[in-house]
>>> print(open('run.cif').read())   # mmCIF, N, CA and C atoms
data_input
loop_
_atom_site.label_atom_id
_atom_site.label_comp_id
_atom_site.auth_asym_id
_atom_site.auth_seq_id
_atom_site.Cartn_x
_atom_site.Cartn_y
_atom_site.Cartn_z
N MET A 1 13.48 17.89 -31.97
CA MET A 1 12.10 17.61 -32.34
C MET A 1 11.26 17.58 -31.08
N GLY A 2 10.10 18.19 -31.16
CA GLY A 2 9.20 18.22 -30.02
C GLY A 2 8.63 16.84 -29.70
N TYR A 3 8.53 16.58 -28.42
CA TYR A 3 8.02 15.31 -27.92
C TYR A 3 6.64 14.98 -28.48
N GLU A 4 5.80 15.99 -28.65
CA GLU A 4 4.43 15.78 -29.13
C GLU A 4 4.37 15.34 -30.59
N ARG A 5 5.45 15.47 -31.33
CA ARG A 5 5.45 15.11 -32.76
C ARG A 5 5.27 13.61 -32.99
N TYR A 6 5.37 12.81 -31.95
CA TYR A 6 5.17 11.37 -32.15
C TYR A 6 3.81 11.10 -32.77
N ARG A 7 2.82 11.92 -32.44
CA ARG A 7 1.47 11.73 -32.99
C ARG A 7 1.47 11.88 -34.52
N ASP A 8 2.23 12.84 -35.02
CA ASP A 8 2.32 13.06 -36.47
C ASP A 8 2.93 11.83 -37.15
N TRP A 9 3.97 11.27 -36.55
CA TRP A 9 4.60 10.08 -37.12
C TRP A 9 3.64 8.90 -37.11
N LEU A 10 2.90 8.76 -36.02
CA LEU A 10 1.96 7.64 -35.94
C LEU A 10 0.80 7.83 -36.91
N ASP A 11 0.29 9.03 -37.03
CA ASP A 11 -0.78 9.31 -38.00
C ASP A 11 -0.32 9.00 -39.43
N GLU A 12 0.90 9.40 -39.75
CA GLU A 12 1.42 9.14 -41.10
C GLU A 12 1.62 7.64 -41.32
N ALA A 13 2.03 6.94 -40.28
CA ALA A 13 2.17 5.48 -40.37
C ALA A 13 0.82 4.84 -40.69
N CYS A 14 -0.22 5.29 -40.02
CA CYS A 14 -1.56 4.75 -40.27
C CYS A 14 -2.03 5.07 -41.68
N ASP A 15 -1.72 6.27 -42.16
CA ASP A 15 -2.08 6.63 -43.52
C ASP A 15 -1.32 5.76 -44.54
N ASP A 16 -0.03 5.53 -44.29
CA ASP A 16 0.74 4.66 -45.18
C ASP A 16 0.16 3.24 -45.20
N TYR A 17 -0.24 2.77 -44.04
CA TYR A 17 -0.81 1.42 -43.98
C TYR A 17 -2.11 1.36 -44.78
N GLY A 18 -2.95 2.38 -44.64
CA GLY A 18 -4.19 2.43 -45.43
C GLY A 18 -3.91 2.46 -46.92
N ALA A 19 -2.89 3.21 -47.32
CA ALA A 19 -2.51 3.26 -48.73
C ALA A 19 -1.99 1.90 -49.19
N ALA A 20 -1.25 1.21 -48.35
CA ALA A 20 -0.75 -0.13 -48.68
C ALA A 20 -1.92 -1.08 -48.91
N GLU A 21 -2.92 -1.01 -48.05
CA GLU A 21 -4.10 -1.86 -48.23
C GLU A 21 -4.80 -1.54 -49.55
N ALA A 22 -4.94 -0.25 -49.85
CA ALA A 22 -5.61 0.15 -51.09
C ALA A 22 -4.81 -0.32 -52.32
N LEU A 23 -3.51 -0.17 -52.27
CA LEU A 23 -2.67 -0.61 -53.39
C LEU A 23 -2.72 -2.12 -53.56
N HIS A 24 -2.77 -2.83 -52.46
CA HIS A 24 -2.94 -4.29 -52.53
C HIS A 24 -4.22 -4.62 -53.28
N GLY A 25 -5.28 -3.92 -52.96
CA GLY A 25 -6.57 -4.13 -53.62
C GLY A 25 -6.54 -3.81 -55.11
N LEU A 26 -5.63 -2.94 -55.50
CA LEU A 26 -5.49 -2.57 -56.92
C LEU A 26 -4.49 -3.46 -57.66
N GLY A 27 -3.91 -4.41 -56.96
CA GLY A 27 -2.92 -5.29 -57.59
C GLY A 27 -1.55 -4.67 -57.71
N LYS A 28 -1.30 -3.61 -56.98
CA LYS A 28 0.01 -2.94 -56.98
C LYS A 28 0.83 -3.50 -55.81
N TYR A 29 1.27 -4.74 -55.96
CA TYR A 29 1.83 -5.48 -54.85
C TYR A 29 3.17 -4.95 -54.37
N GLY A 30 4.05 -4.58 -55.27
CA GLY A 30 5.34 -4.02 -54.86
C GLY A 30 5.17 -2.75 -54.06
N LYS A 31 4.27 -1.90 -54.51
CA LYS A 31 4.02 -0.64 -53.80
C LYS A 31 3.39 -0.91 -52.43
N ALA A 32 2.52 -1.91 -52.37
CA ALA A 32 1.91 -2.28 -51.09
C ALA A 32 2.98 -2.78 -50.12
N CYS A 33 3.95 -3.54 -50.64
CA CYS A 33 5.05 -4.02 -49.80
C CYS A 33 5.87 -2.84 -49.28
N PHE A 34 6.21 -1.92 -50.17
CA PHE A 34 7.01 -0.75 -49.76
C PHE A 34 6.28 0.06 -48.70
N LEU A 35 5.01 0.36 -48.92
CA LEU A 35 4.28 1.17 -47.95
C LEU A 35 4.02 0.43 -46.65
N SER A 36 3.99 -0.88 -46.68
CA SER A 36 3.91 -1.65 -45.43
C SER A 36 5.17 -1.40 -44.61
N HIS A 37 6.31 -1.42 -45.28
CA HIS A 37 7.57 -1.11 -44.59
C HIS A 37 7.53 0.31 -44.04
N GLN A 38 7.09 1.26 -44.86
CA GLN A 38 7.06 2.66 -44.43
C GLN A 38 6.15 2.84 -43.23
N ALA A 39 5.01 2.18 -43.22
CA ALA A 39 4.10 2.27 -42.08
C ALA A 39 4.79 1.79 -40.81
N CYS A 40 5.47 0.69 -40.93
CA CYS A 40 6.18 0.12 -39.79
C CYS A 40 7.30 1.06 -39.33
N GLU A 41 8.10 1.54 -40.26
CA GLU A 41 9.21 2.44 -39.92
C GLU A 41 8.69 3.68 -39.20
N LYS A 42 7.66 4.30 -39.72
CA LYS A 42 7.14 5.54 -39.13
C LYS A 42 6.50 5.29 -37.76
N ALA A 43 5.82 4.17 -37.61
CA ALA A 43 5.24 3.82 -36.31
C ALA A 43 6.35 3.64 -35.27
N LEU A 44 7.43 2.98 -35.67
CA LEU A 44 8.53 2.78 -34.74
C LEU A 44 9.23 4.10 -34.40
N LYS A 45 9.30 5.00 -35.34
CA LYS A 45 9.86 6.32 -35.04
C LYS A 45 8.97 7.06 -34.04
N ALA A 46 7.66 6.90 -34.18
CA ALA A 46 6.74 7.49 -33.21
C ALA A 46 7.00 6.93 -31.82
N LEU A 47 7.21 5.63 -31.74
CA LEU A 47 7.47 4.98 -30.45
C LEU A 47 8.75 5.51 -29.82
N LEU A 48 9.79 5.66 -30.63
CA LEU A 48 11.06 6.17 -30.09
C LEU A 48 10.95 7.61 -29.62
N ILE A 49 10.17 8.41 -30.33
CA ILE A 49 9.97 9.79 -29.90
C ILE A 49 9.20 9.80 -28.58
N LYS A 50 8.16 9.01 -28.51
CA LYS A 50 7.31 8.97 -27.31
C LYS A 50 8.06 8.43 -26.09
N LYS A 51 8.77 7.32 -26.28
CA LYS A 51 9.40 6.65 -25.13
C LYS A 51 10.78 7.19 -24.78
N LEU A 52 11.56 7.58 -25.79
CA LEU A 52 12.95 7.98 -25.55
C LEU A 52 13.22 9.44 -25.93
N ASN A 53 12.19 10.14 -26.42
CA ASN A 53 12.31 11.52 -26.85
C ASN A 53 13.45 11.70 -27.86
N ARG A 54 13.52 10.75 -28.80
CA ARG A 54 14.57 10.86 -29.81
C ARG A 54 14.02 10.38 -31.15
N CYS A 55 14.44 11.10 -32.19
CA CYS A 55 14.04 10.74 -33.55
C CYS A 55 15.26 10.20 -34.27
N GLU A 56 15.12 9.05 -34.84
CA GLU A 56 16.21 8.40 -35.56
C GLU A 56 16.08 8.67 -37.05
N SER A 57 17.21 8.79 -37.73
CA SER A 57 17.18 9.05 -39.17
C SER A 57 17.37 7.78 -39.99
N ILE A 58 17.51 6.64 -39.35
CA ILE A 58 17.70 5.39 -40.08
C ILE A 58 16.37 4.89 -40.64
N HIS A 59 16.46 3.95 -41.57
CA HIS A 59 15.25 3.45 -42.23
C HIS A 59 14.99 1.96 -42.00
N SER A 60 15.82 1.31 -41.24
CA SER A 60 15.63 -0.10 -40.95
C SER A 60 14.62 -0.28 -39.83
N ALA A 61 13.51 -0.91 -40.15
CA ALA A 61 12.49 -1.17 -39.13
C ALA A 61 13.05 -2.06 -38.03
N ALA A 62 13.86 -3.04 -38.39
CA ALA A 62 14.44 -3.94 -37.40
C ALA A 62 15.36 -3.19 -36.44
N GLU A 63 16.20 -2.32 -36.99
CA GLU A 63 17.11 -1.57 -36.13
C GLU A 63 16.34 -0.59 -35.24
N LEU A 64 15.30 0.03 -35.78
CA LEU A 64 14.47 0.91 -34.95
C LEU A 64 13.83 0.13 -33.81
N LEU A 65 13.39 -1.06 -34.10
CA LEU A 65 12.78 -1.90 -33.06
C LEU A 65 13.83 -2.30 -32.02
N ARG A 66 15.04 -2.61 -32.46
CA ARG A 66 16.11 -2.93 -31.50
C ARG A 66 16.37 -1.73 -30.59
N ARG A 67 16.39 -0.55 -31.16
CA ARG A 67 16.64 0.65 -30.36
C ARG A 67 15.49 0.91 -29.40
N ALA A 68 14.30 0.58 -29.79
CA ALA A 68 13.14 0.73 -28.89
C ALA A 68 13.23 -0.26 -27.73
N GLY A 69 13.98 -1.33 -27.93
CA GLY A 69 14.15 -2.34 -26.89
C GLY A 69 14.73 -1.78 -25.61
N GLY A 70 15.35 -0.61 -25.66
CA GLY A 70 15.83 0.03 -24.45
C GLY A 70 14.71 0.58 -23.59
N ALA A 71 13.53 0.75 -24.17
CA ALA A 71 12.41 1.33 -23.44
C ALA A 71 11.23 0.37 -23.27
N VAL A 72 11.13 -0.62 -24.15
CA VAL A 72 10.02 -1.58 -24.10
C VAL A 72 10.54 -2.98 -24.36
N GLY A 73 9.82 -3.96 -23.90
CA GLY A 73 10.19 -5.34 -24.18
C GLY A 73 9.75 -5.71 -25.59
N VAL A 74 10.71 -6.10 -26.41
CA VAL A 74 10.43 -6.41 -27.81
C VAL A 74 10.47 -7.92 -28.01
N PRO A 75 9.34 -8.52 -28.40
CA PRO A 75 9.34 -9.96 -28.66
C PRO A 75 10.22 -10.29 -29.88
N GLU A 76 10.95 -11.39 -29.78
CA GLU A 76 11.85 -11.81 -30.86
C GLU A 76 11.09 -12.00 -32.17
N GLU A 77 9.89 -12.54 -32.10
CA GLU A 77 9.09 -12.77 -33.31
C GLU A 77 8.77 -11.45 -34.01
N LEU A 78 8.56 -10.41 -33.25
CA LEU A 78 8.28 -9.10 -33.84
C LEU A 78 9.52 -8.56 -34.55
N LEU A 79 10.66 -8.81 -33.98
CA LEU A 79 11.91 -8.39 -34.63
C LEU A 79 12.08 -9.10 -35.98
N ARG A 80 11.74 -10.36 -36.05
CA ARG A 80 11.82 -11.09 -37.33
C ARG A 80 10.87 -10.49 -38.36
N LYS A 81 9.71 -10.05 -37.93
CA LYS A 81 8.76 -9.43 -38.86
C LYS A 81 9.28 -8.10 -39.38
N ALA A 82 9.93 -7.34 -38.51
CA ALA A 82 10.53 -6.08 -38.95
C ALA A 82 11.68 -6.35 -39.93
N GLU A 83 12.45 -7.38 -39.67
CA GLU A 83 13.53 -7.75 -40.61
C GLU A 83 12.96 -8.14 -41.96
N TYR A 84 11.85 -8.85 -41.95
CA TYR A 84 11.18 -9.22 -43.20
C TYR A 84 10.76 -7.96 -43.97
N LEU A 85 10.18 -7.00 -43.27
CA LEU A 85 9.73 -5.76 -43.92
C LEU A 85 10.90 -4.95 -44.47
N ASP A 86 12.05 -5.02 -43.83
CA ASP A 86 13.22 -4.28 -44.32
C ASP A 86 13.60 -4.70 -45.74
N ARG A 87 13.25 -5.90 -46.12
CA ARG A 87 13.56 -6.39 -47.47
C ARG A 87 12.82 -5.62 -48.56
N PHE A 88 11.83 -4.84 -48.16
CA PHE A 88 11.02 -4.12 -49.14
C PHE A 88 11.39 -2.64 -49.26
N TYR A 89 12.39 -2.20 -48.54
CA TYR A 89 12.71 -0.76 -48.54
C TYR A 89 13.32 -0.30 -49.87
N ILE A 90 14.28 -1.00 -50.40
CA ILE A 90 14.94 -0.56 -51.63
C ILE A 90 14.48 -1.32 -52.87
N PRO A 91 14.47 -2.65 -52.88
CA PRO A 91 14.20 -3.35 -54.15
C PRO A 91 12.79 -3.18 -54.70
N THR A 92 11.87 -2.69 -53.90
CA THR A 92 10.52 -2.44 -54.41
C THR A 92 10.46 -1.18 -55.26
N ARG A 93 11.53 -0.37 -55.22
CA ARG A 93 11.50 0.93 -55.87
C ARG A 93 12.51 1.14 -56.97
N TYR A 94 13.62 0.44 -56.94
CA TYR A 94 14.72 0.75 -57.85
C TYR A 94 15.00 -0.40 -58.82
N PRO A 95 14.91 -0.15 -60.11
CA PRO A 95 15.19 -1.20 -61.10
C PRO A 95 16.59 -1.79 -60.98
N ASN A 96 17.57 -0.99 -60.56
CA ASN A 96 18.93 -1.52 -60.47
C ASN A 96 19.13 -2.44 -59.26
N ALA A 97 18.10 -2.64 -58.47
CA ALA A 97 18.17 -3.62 -57.39
C ALA A 97 17.95 -5.03 -57.91
N TRP A 98 17.52 -5.14 -59.15
CA TRP A 98 17.21 -6.43 -59.79
C TRP A 98 18.06 -6.60 -61.04
N PRO A 99 18.42 -7.84 -61.38
CA PRO A 99 19.21 -8.06 -62.59
C PRO A 99 18.45 -7.68 -63.86
N SER A 100 17.13 -7.81 -63.82
CA SER A 100 16.30 -7.40 -64.96
C SER A 100 14.86 -7.25 -64.49
N GLY A 101 14.11 -6.50 -65.28
CA GLY A 101 12.70 -6.31 -64.98
C GLY A 101 12.44 -5.17 -64.02
N ALA A 102 11.34 -4.50 -64.23
CA ALA A 102 10.92 -3.43 -63.32
C ALA A 102 10.59 -4.03 -61.95
N PRO A 103 10.85 -3.31 -60.88
CA PRO A 103 10.62 -3.86 -59.55
C PRO A 103 9.22 -4.42 -59.33
N TYR A 104 8.21 -3.75 -59.83
CA TYR A 104 6.85 -4.21 -59.54
C TYR A 104 6.58 -5.61 -60.08
N ARG A 105 7.32 -6.03 -61.07
CA ARG A 105 7.13 -7.36 -61.65
C ARG A 105 7.62 -8.49 -60.73
N HIS A 106 8.34 -8.16 -59.69
CA HIS A 106 8.93 -9.16 -58.81
C HIS A 106 8.09 -9.45 -57.57
N TYR A 107 6.94 -8.82 -57.44
CA TYR A 107 6.14 -8.97 -56.22
C TYR A 107 4.76 -9.54 -56.53
N THR A 108 4.28 -10.35 -55.60
CA THR A 108 3.01 -11.06 -55.77
C THR A 108 2.00 -10.63 -54.71
N ARG A 109 0.78 -11.09 -54.92
CA ARG A 109 -0.27 -10.85 -53.93
C ARG A 109 0.14 -11.42 -52.58
N GLU A 110 0.75 -12.59 -52.59
CA GLU A 110 1.18 -13.22 -51.35
C GLU A 110 2.23 -12.38 -50.63
N ASP A 111 3.15 -11.79 -51.41
CA ASP A 111 4.15 -10.91 -50.80
C ASP A 111 3.47 -9.74 -50.10
N ALA A 112 2.54 -9.12 -50.78
CA ALA A 112 1.85 -7.96 -50.22
C ALA A 112 1.03 -8.34 -48.99
N GLU A 113 0.37 -9.48 -49.04
CA GLU A 113 -0.42 -9.92 -47.89
C GLU A 113 0.47 -10.18 -46.68
N ALA A 114 1.63 -10.80 -46.91
CA ALA A 114 2.55 -11.06 -45.81
C ALA A 114 3.11 -9.75 -45.25
N ALA A 115 3.44 -8.81 -46.12
CA ALA A 115 3.96 -7.52 -45.68
C ALA A 115 2.91 -6.76 -44.87
N LEU A 116 1.68 -6.76 -45.34
CA LEU A 116 0.60 -6.09 -44.60
C LEU A 116 0.41 -6.72 -43.23
N LYS A 117 0.46 -8.03 -43.17
CA LYS A 117 0.27 -8.73 -41.90
C LYS A 117 1.39 -8.38 -40.92
N CYS A 118 2.62 -8.39 -41.39
CA CYS A 118 3.75 -8.05 -40.52
C CYS A 118 3.65 -6.60 -40.04
N ALA A 119 3.34 -5.71 -40.96
CA ALA A 119 3.24 -4.30 -40.60
C ALA A 119 2.13 -4.08 -39.57
N LYS A 120 1.02 -4.75 -39.73
CA LYS A 120 -0.08 -4.60 -38.77
C LYS A 120 0.34 -5.06 -37.39
N GLU A 121 1.06 -6.16 -37.32
CA GLU A 121 1.51 -6.65 -36.02
C GLU A 121 2.47 -5.68 -35.35
N VAL A 122 3.39 -5.12 -36.11
CA VAL A 122 4.32 -4.14 -35.54
C VAL A 122 3.55 -2.89 -35.11
N MET A 123 2.65 -2.43 -35.95
CA MET A 123 1.89 -1.23 -35.61
C MET A 123 1.00 -1.45 -34.39
N ASP A 124 0.38 -2.61 -34.28
CA ASP A 124 -0.43 -2.91 -33.10
C ASP A 124 0.42 -2.89 -31.83
N PHE A 125 1.63 -3.44 -31.94
CA PHE A 125 2.56 -3.41 -30.81
C PHE A 125 2.88 -1.97 -30.42
N VAL A 126 3.22 -1.16 -31.41
CA VAL A 126 3.56 0.25 -31.16
C VAL A 126 2.39 0.97 -30.51
N LYS A 127 1.21 0.81 -31.07
CA LYS A 127 0.04 1.49 -30.50
C LYS A 127 -0.20 1.07 -29.06
N GLY A 128 -0.04 -0.21 -28.78
CA GLY A 128 -0.21 -0.70 -27.41
C GLY A 128 0.80 -0.09 -26.45
N GLU A 129 2.04 0.01 -26.89
CA GLU A 129 3.09 0.61 -26.04
C GLU A 129 2.84 2.10 -25.83
N ILE A 130 2.42 2.77 -26.85
CA ILE A 130 2.14 4.21 -26.73
C ILE A 130 0.96 4.45 -25.80
N GLU A 131 -0.07 3.62 -25.90
CA GLU A 131 -1.24 3.79 -25.04
C GLU A 131 -0.90 3.53 -23.57
N ARG A 132 0.10 2.69 -23.31
CA ARG A 132 0.50 2.38 -21.94
C ARG A 132 1.24 3.55 -21.28
N ASP A 133 1.79 4.44 -22.08
CA ASP A 133 2.59 5.54 -21.56
C ASP A 133 1.67 6.72 -21.22
N PRO A 134 1.53 7.06 -19.95
CA PRO A 134 0.59 8.11 -19.55
C PRO A 134 1.06 9.52 -19.90
N ARG A 135 2.30 9.71 -20.30
CA ARG A 135 2.80 11.06 -20.57
C ARG A 135 2.08 11.68 -21.72
#
>>> encode(input="run.cif", output="structure tokens")
Amino acid sequence: MGYERYRDWLDEACDDYGAAEALHGLGKYGKACFLSHQACEKALKALLIKKLNRCESIHSAAELLRRAGGAVGVPEELLRKAEYLDRFYIPTRYPNAWPSGAPYRHYTREDAEAALKCAKEVMDFVKGEIERDPR
């Protein structure tokens, strides 16, 4: 993958975050949680491409952040936020992740607000690290 592709990943992360905000506004809380995770995951992939020239195929935001720790200092609190967002990768989408009920029925406005907040903090961190890199 070309080094310059980090911009595409970061742009898509920002678009996912905007969609998460819009879905939150529509009361689609489970989807907002999922897209908050996606925004974070894609932003972290952008950081890894930019800093380490490598694209990871994993989907854990926390693990991506750990791997970025080889190139940037990662605050422990940020890692906890990424771990929180990882909880939204599968159960927000698949009915068989729950004993009963469609996934969207299991998420609240508070869940979506917390997910958006965590994703914003991770994305702000990523943007700051990318801006520091003169390459």
>>> resolve_selection(input="run.cif", expression="the PyMOL selection byres ((chain A and resi 109) around 8)", output="list in words")
His24, Gly27, Lys28, Tyr29, Gly30, His106, Tyr107, Thr108, Glu110, Asp111, Ala112, Glu113, Ala114 and Ala115 of chain A
>>> closest_residue(input="run.cif", among="A:Ala102, A:Ile49, A:Ala22, A:Leu85", to="Phe34 (chain A)", atoms="all atoms listed in the file")
A:Leu85
>>> atom_distance(input="run.cif", atom1="CA of Cys40 (chain A)", atom2="CA of Glu76 (chain A)")
15.9 Å
>>> atom_distance(input="run.cif", atom1="CA of Lys31 (chain A)", atom2="CA of Pro75 (chain A)")
27.3 Å
>>> closest_residue(input="run.cif", among="A:Tyr89, A:Asp8, A:Leu35, A:Glu121", to="Glu21 (chain A)", atoms="all atoms listed in the file")
A:Leu35
>>> residues_around(input="run.cif", residues="Lys42 (chain A)", least_positions_apart="6", cutoff="6 Å", atoms="all atoms listed in the file", output="list of chain:residue names")
A:Trp9, A:Leu10, A:Ala13
>>> closest_residue(input="run.cif", among="A:Arg87, A:Arg105, A:His59, A:Lys127", to="Cys33 (chain A)", atoms="only N, CA and C atoms")
A:Arg87
>>> resolve_selection(input="run.cif", expression="the PyMOL selection byres ((chain A and resi 39) around 7)", output="VMD selection string")
chain A and resid 12 to 17 34 to 38 40 to 44 119 123
>>> select_by_dssp(input="run.cif", residues="region 59-128 of chain A", states="helix (DSSP H, G or I)", output="PyMOL selection string")
chain A and resi 61-68+76-86+95-97+103-106+109-128
>>> closest_residue(input="run.cif", among="A:Arg93, A:Lys51, A:Arg132, A:Lys81", to="Leu116 (chain A)", atoms="only C-alpha atoms")
A:Lys81
>>> atom_distance(input="run.cif", atom1="CA of Asp11 (chain A)", atom2="CA of Ser57 (chain A)")
18.0 Å
>>> axis_aligned_box(input="run.cif", around="region 116-132 of chain A", padding_each_side="3 Å", output="JSON")
{"center_x": 1.5, "center_y": -2.1, "center_z": -33.3, "size_x": 11.6, "size_y": 19.2, "size_z": 30.1}
